[in-house]
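Engineer: First, the structure itself, so that you have it in front of you.
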Amino acid sequence: MKQFAIIGLGTFGYYLATHLYEKGHDVLAIDKNKQRVQEIKDSVSQAVIADATDRKAIESLSIKEMDAAVVCIGSDLSASILATLNLNDIGVKRVLAKAITDSHGRILHKLGALEVLFPEKDLAISLAERLHNPSVLDYLPFLEGYSMIERVVPKSFIGKELKDLDLINQYGIQVLAVKNILPDQLNMIPTGRCVLKNGDTLILLGPNNALDLFREKEE
């Protein structure tokens, strides 16, 4: 069981928090809106009314000790930015943040967000791909016991080539792609000579137990 803090309980934050809780994780849901907190309190481990732009309020919630904190504040850019800054300042080891625009996302990265999420953009692109080529995803439901995940490159991987990491033999998982921040591009089916950089994201495919082992060892 892992511990997560979900900050901002709009539609995205609500479903993220409740789904993580359903998966058996310890979830702290945070919003400054009392009604939103009331609506989710029975579907997560704990729900509190707090303003994430207030550093003292965030520090008092012991978020620093959690596995990750996700800033799901979208429309209020200043609140999103301040919340991300506060989480980074207090030493949260993994900060993820929702962004509305590319410029918003770049700011969040600079403020310490290891992963920046674009839910509407990603969903739209995914739907477009499915409409363009429906057969691409037809086979996925039959891959029982397998998953495809994204993982920010661990610090120990930075500067190394994929062939040196040998993930297929070490864990039984395959690197399908590498998302580069600089330049902003997707390197599909990378060769063994691909060098991983700070901020890059791995897209991995493999058995669920192998992916879980990889995450545990490379946290």
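In the structure tokens, each chain is lettered A, B, ... as it comes, each chain's residues begin at 1, and ligands are numbered from 1 in order of appearance.
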Could you please write out, as a PyMOL selection string, every residue of stretch 10-198 of chain A that DSSP assigns to strand (DSSP E)?
Structural biologist: chain A and resi 26-31+46-49+68-71+95-98+115-117+146-152+174-180+185-188
Engineer: For A:Ile58, list every protein, DNA or RNA residue within 8 Å, evaluated using only C-alpha atoms, and leave out those in the same chain fewer than 6 positions away; present the list as a list in words.
Structural biologist: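 Listed by chain and then number, they are Ala50, Asp51, Ala52, Asn86 and Leu87 of chain A.
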Engineer: Just write the chosen residues, all heavy atoms, as a compact mmCIF listing (two decimals), in the first residue's frame.
Structural biologist:
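Saved result, selection.txt, follows:
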# COMPACT_ATOMS: atom_id res chain seq x y z
N ALA A 50 -8.17 22.42 3.23
CA ALA A 50 -6.91 23.14 3.37
C ALA A 50 -6.59 23.87 2.08
O ALA A 50 -6.99 23.45 0.99
CB ALA A 50 -5.77 22.19 3.73
N ASP A 51 -5.87 24.98 2.22
CA ASP A 51 -5.45 25.77 1.06
C ASP A 51 -4.01 25.40 0.73
O ASP A 51 -3.08 25.67 1.50
CB ASP A 51 -5.56 27.26 1.40
CG ASP A 51 -5.24 28.15 0.21
OD1 ASP A 51 -4.80 27.62 -0.84
OD2 ASP A 51 -5.42 29.38 0.33
N ALA A 52 -3.81 24.76 -0.43
CA ALA A 52 -2.48 24.27 -0.80
C ALA A 52 -1.51 25.40 -1.11
O ALA A 52 -0.30 25.16 -1.20
CB ALA A 52 -2.58 23.34 -1.99
N ASN A 86 5.15 24.85 -3.18
CA ASN A 86 5.14 24.50 -1.75
C ASN A 86 5.51 23.03 -1.53
O ASN A 86 6.27 22.69 -0.62
CB ASN A 86 3.77 24.77 -1.15
CG ASN A 86 3.51 26.25 -0.94
OD1 ASN A 86 4.45 27.04 -0.86
ND2 ASN A 86 2.25 26.65 -0.87
N LEU A 87 4.97 22.15 -2.37
CA LEU A 87 5.26 20.73 -2.23
C LEU A 87 6.74 20.45 -2.48
O LEU A 87 7.37 19.65 -1.77
CB LEU A 87 4.42 19.91 -3.21
CG LEU A 87 2.91 19.89 -2.92
CD1 LEU A 87 2.17 19.26 -4.08
CD2 LEU A 87 2.61 19.13 -1.63
Engineer: Compare A:Glu59, A:Asp42, A:Glu216, A:Asp89 by their minimum atom-to-atom distance to A:Met1, counting only C-alpha atoms, and give me the closest one.
Structural biologist: A:Glu216
Engineer: Extract, using only C-alpha atoms, all DNA, RNA and protein residues at most 7 Å from A:Gly74, discarding same-chain residues fewer than 6 positions from it, and format them as number ranges by chain.
Structural biologist: A: 80, 98-100
Engineer: Limited to all heavy atoms, could you put the picked residues into a file as a PDB file, in the first residue's frame?
Structural biologist:
ATOM      1  N   SER A  80      -2.249  26.612  -8.713  1.00  0.00           N
ATOM      2  CA  SER A  80      -1.530  25.432  -9.181  1.00  0.00           C
ATOM      3  C   SER A  80      -0.029  25.608  -9.016  1.00  0.00           C
ATOM      4  O   SER A  80       0.674  24.715  -8.533  1.00  0.00           O
ATOM      5  CB  SER A  80      -1.868  25.174 -10.658  1.00  0.00           C
ATOM      6  OG  SER A  80      -0.983  24.258 -11.242  1.00  0.00           O
ATOM      7  N   LYS A  98      -1.168  18.769 -12.715  1.00  0.00           N
ATOM      8  CA  LYS A  98      -2.006  18.927 -13.896  1.00  0.00           C
ATOM      9  C   LYS A  98      -1.762  20.298 -14.515  1.00  0.00           C
ATOM     10  O   LYS A  98      -1.648  21.297 -13.811  1.00  0.00           O
ATOM     11  CB  LYS A  98      -3.480  18.796 -13.486  1.00  0.00           C
ATOM     12  CG  LYS A  98      -4.480  19.104 -14.587  1.00  0.00           C
ATOM     13  CD  LYS A  98      -5.898  19.042 -14.035  1.00  0.00           C
ATOM     14  CE  LYS A  98      -6.915  19.497 -15.061  1.00  0.00           C
ATOM     15  NZ  LYS A  98      -8.300  19.481 -14.516  1.00  0.00           N
ATOM     16  N   ALA A  99      -1.663  20.322 -15.842  1.00  0.00           N
ATOM     17  CA  ALA A  99      -1.456  21.589 -16.544  1.00  0.00           C
ATOM     18  C   ALA A  99      -2.536  21.785 -17.602  1.00  0.00           C
ATOM     19  O   ALA A  99      -3.100  20.818 -18.122  1.00  0.00           O
ATOM     20  CB  ALA A  99      -0.080  21.624 -17.194  1.00  0.00           C
ATOM     21  N   ILE A 100      -2.797  23.046 -17.918  1.00  0.00           N
ATOM     22  CA  ILE A 100      -3.797  23.371 -18.935  1.00  0.00           C
ATOM     23  C   ILE A 100      -3.140  23.689 -20.270  1.00  0.00           C
ATOM     24  O   ILE A 100      -3.625  23.311 -21.326  1.00  0.00           O
ATOM     25  CB  ILE A 100      -4.660  24.560 -18.480  1.00  0.00           C
ATOM     26  CG1 ILE A 100      -5.456  24.172 -17.234  1.00  0.00           C
ATOM     27  CG2 ILE A 100      -5.608  24.999 -19.585  1.00  0.00           C
ATOM     28  CD1 ILE A 100      -6.278  25.296 -16.680  1.00  0.00           C
TER      29      ILE A 100
END
Engineer: For A:Gln174, which residue among A:Leu213, A:Ile189, A:Ile40, A:Ile90 is the nearest when counting only C-alpha atoms?
Structural biologist: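 For A:Gln174, the nearest of the given residues is A:Ile189.
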Engineer: Would you mind listing what lies within 9 Å of A:Leu176 as a list in words, with only C-alpha atoms counted and same-chain residues fewer than 6 positions away left out?
Structural biologist: Met148, Asn187, Met188, Ile189, Pro190, Leu202, Ile203, Leu204 and Leu205 of chain A
Engineer: To test your reading of the structure, identify every residue in stretch 26-213 of chain A that backbone DSSP assigns to helix (DSSP H, G or I), and report it as number ranges by chain.
Structural biologist: A: 34-40, 55-59, 63-65, 77-89, 102-110, 119-132, 134-137, 140-142, 155-157, 162-165, 167-170, 208-213
Engineer: Contacts of A:Gly24 at 12 Å or less, counting only C-alpha atoms, minus same-chain residues fewer than 6 places along, as a PyMOL selection string?
Structural biologist: chain A and resi 1-4+17-18+43-45
Engineer: Could you give me, as JSON, numbers by chain, the residues within 12 Å of A:Arg106, counting only C-alpha atoms and dropping anything in the same chain fewer than 5 positions from it?
Structural biologist: {"A": [81, 97, 98, 99, 100, 101, 111, 112, 113, 114, 115, 116, 117, 118, 181, 182, 184, 199]}
Engineer: How would the residues just chosen look if you wrote them out with all heavy atoms as a compact mmCIF listing (two decimals), in the first residue's frame?
Structural biologist:
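As a result, selection_35.txt now contains:
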# COMPACT_ATOMS: atom_id res chain seq x y z
N ILE A 81 0.46 26.77 -9.41
CA ILE A 81 1.89 27.06 -9.34
C ILE A 81 2.38 27.12 -7.90
O ILE A 81 3.40 26.53 -7.53
CB ILE A 81 2.20 28.37 -10.08
CG1 ILE A 81 2.03 28.15 -11.60
CG2 ILE A 81 3.60 28.88 -9.77
CD1 ILE A 81 2.01 29.42 -12.40
N ALA A 97 1.73 17.20 -11.41
CA ALA A 97 0.83 18.35 -11.47
C ALA A 97 0.08 18.40 -12.80
O ALA A 97 0.64 18.09 -13.86
CB ALA A 97 1.61 19.65 -11.27
N LYS A 98 -1.17 18.77 -12.71
CA LYS A 98 -2.01 18.93 -13.90
C LYS A 98 -1.76 20.30 -14.52
O LYS A 98 -1.65 21.30 -13.81
CB LYS A 98 -3.48 18.80 -13.49
CG LYS A 98 -4.48 19.10 -14.59
CD LYS A 98 -5.90 19.04 -14.03
CE LYS A 98 -6.91 19.50 -15.06
NZ LYS A 98 -8.30 19.48 -14.52
N ALA A 99 -1.66 20.32 -15.84
CA ALA A 99 -1.46 21.59 -16.54
C ALA A 99 -2.54 21.79 -17.60
O ALA A 99 -3.10 20.82 -18.12
CB ALA A 99 -0.08 21.62 -17.19
N ILE A 100 -2.80 23.05 -17.92
CA ILE A 100 -3.80 23.37 -18.94
C ILE A 100 -3.14 23.69 -20.27
O ILE A 100 -3.63 23.31 -21.33
CB ILE A 100 -4.66 24.56 -18.48
CG1 ILE A 100 -5.46 24.17 -17.23
CG2 ILE A 100 -5.61 25.00 -19.59
CD1 ILE A 100 -6.28 25.30 -16.68
N THR A 101 -2.02 24.39 -20.21
CA THR A 101 -1.32 24.79 -21.43
C THR A 101 0.14 24.33 -21.37
O THR A 101 0.65 23.98 -20.30
CB THR A 101 -1.35 26.31 -21.61
OG1 THR A 101 -0.61 26.92 -20.52
CG2 THR A 101 -2.78 26.85 -21.59
N LEU A 111 9.36 24.28 -11.45
CA LEU A 111 9.10 24.41 -10.02
C LEU A 111 9.23 23.08 -9.27
O LEU A 111 8.99 23.03 -8.07
CB LEU A 111 7.71 25.00 -9.80
CG LEU A 111 7.53 26.45 -10.24
CD1 LEU A 111 6.09 26.88 -10.06
CD2 LEU A 111 8.45 27.37 -9.43
N GLY A 112 9.59 22.03 -9.99
CA GLY A 112 9.86 20.77 -9.30
C GLY A 112 8.91 19.63 -9.58
O GLY A 112 9.06 18.55 -9.00
N ALA A 113 7.92 19.82 -10.46
CA ALA A 113 7.01 18.71 -10.79
C ALA A 113 7.76 17.70 -11.65
O ALA A 113 8.24 18.04 -12.73
CB ALA A 113 5.78 19.22 -11.52
N LEU A 114 7.87 16.46 -11.19
CA LEU A 114 8.56 15.43 -11.96
C LEU A 114 7.74 15.00 -13.17
O LEU A 114 8.30 14.61 -14.19
CB LEU A 114 8.83 14.20 -11.07
CG LEU A 114 9.85 14.41 -9.94
CD1 LEU A 114 10.00 13.12 -9.14
CD2 LEU A 114 11.20 14.83 -10.51
N GLU A 115 6.42 15.06 -13.03
CA GLU A 115 5.54 14.72 -14.14
C GLU A 115 4.46 15.78 -14.26
O GLU A 115 3.86 16.18 -13.26
CB GLU A 115 4.89 13.35 -13.91
CG GLU A 115 5.88 12.20 -13.86
CD GLU A 115 5.20 10.87 -13.58
OE1 GLU A 115 4.23 10.54 -14.30
OE2 GLU A 115 5.62 10.18 -12.64
N VAL A 116 4.21 16.22 -15.49
CA VAL A 116 3.15 17.18 -15.76
C VAL A 116 2.09 16.48 -16.59
O VAL A 116 2.39 15.83 -17.60
CB VAL A 116 3.69 18.42 -16.50
CG1 VAL A 116 2.54 19.33 -16.91
CG2 VAL A 116 4.68 19.17 -15.63
N LEU A 117 0.85 16.58 -16.15
CA LEU A 117 -0.27 15.88 -16.77
C LEU A 117 -1.13 16.83 -17.58
O LEU A 117 -1.44 17.93 -17.14
CB LEU A 117 -1.11 15.21 -15.68
CG LEU A 117 -0.32 14.47 -14.59
CD1 LEU A 117 -1.24 14.11 -13.44
CD2 LEU A 117 0.36 13.24 -15.15
N PHE A 118 -1.54 16.37 -18.76
CA PHE A 118 -2.45 17.13 -19.61
C PHE A 118 -3.66 16.24 -19.89
O PHE A 118 -3.78 15.67 -20.99
CB PHE A 118 -1.78 17.52 -20.93
CG PHE A 118 -0.60 18.45 -20.78
CD1 PHE A 118 0.67 17.95 -20.59
CD2 PHE A 118 -0.79 19.83 -20.85
CE1 PHE A 118 1.76 18.81 -20.46
CE2 PHE A 118 0.29 20.70 -20.72
CZ PHE A 118 1.57 20.18 -20.53
N ILE A 181 12.10 15.59 -22.72
CA ILE A 181 11.66 16.96 -22.42
C ILE A 181 12.38 17.94 -23.34
O ILE A 181 11.77 18.85 -23.91
CB ILE A 181 11.93 17.30 -20.94
CG1 ILE A 181 11.01 16.48 -20.05
CG2 ILE A 181 11.74 18.78 -20.68
CD1 ILE A 181 11.16 16.78 -18.58
N LEU A 182 13.68 17.79 -23.47
CA LEU A 182 14.48 18.67 -24.31
C LEU A 182 15.28 17.81 -25.29
O LEU A 182 16.22 17.12 -24.89
CB LEU A 182 15.43 19.53 -23.47
CG LEU A 182 14.76 20.56 -22.55
CD1 LEU A 182 15.80 21.21 -21.66
CD2 LEU A 182 14.02 21.60 -23.37
N ASP A 184 11.37 18.45 -26.92
CA ASP A 184 10.08 17.85 -26.61
C ASP A 184 9.70 16.91 -27.75
O ASP A 184 9.21 17.35 -28.79
CB ASP A 184 9.03 18.94 -26.42
CG ASP A 184 7.68 18.38 -26.01
OD1 ASP A 184 7.61 17.17 -25.71
OD2 ASP A 184 6.69 19.14 -26.01
N GLY A 199 14.57 13.99 -16.43
CA GLY A 199 13.26 14.49 -16.85
C GLY A 199 12.61 13.66 -17.93
O GLY A 199 11.42 13.85 -18.22
Engineer: When you draw a straight line from atom CA of A:Pro207 to atom CA of A:Ser147, how long is it in Å?
Structural biologist: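 Here the two named atoms are 6.4 Å from each other.
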Engineer: Please report the interatomic distance between atom CA of A:Ile107 and atom CA of A:Ile7 in Å with one decimal.
Structural biologist: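 Atom CA of A:Ile7 lies at a distance of 17.9 Å from atom CA of A:Ile107.
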Engineer: How many Å lie between atom CA of A:Leu186 and atom CA of A:Glu129, rounded to one decimal?
Structural biologist: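 Atom CA of A:Glu129 lies at a distance of 15.4 Å from atom CA of A:Leu186.
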Engineer: Closest to A:Tyr171 among A:Asp76, A:Glu218, A:Glu65, A:Asp122, using only C-alpha atoms?
Structural biologist: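 Closest to A:Tyr171, using only C-alpha atoms: A:Glu218.
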Engineer: Might you pull out every residue within 12 Å of stretch 191-198 of chain A, with only C-alpha atoms counted and same-chain residues fewer than 2 positions away left off, and present them as a count of residues only?
Structural biologist: 36
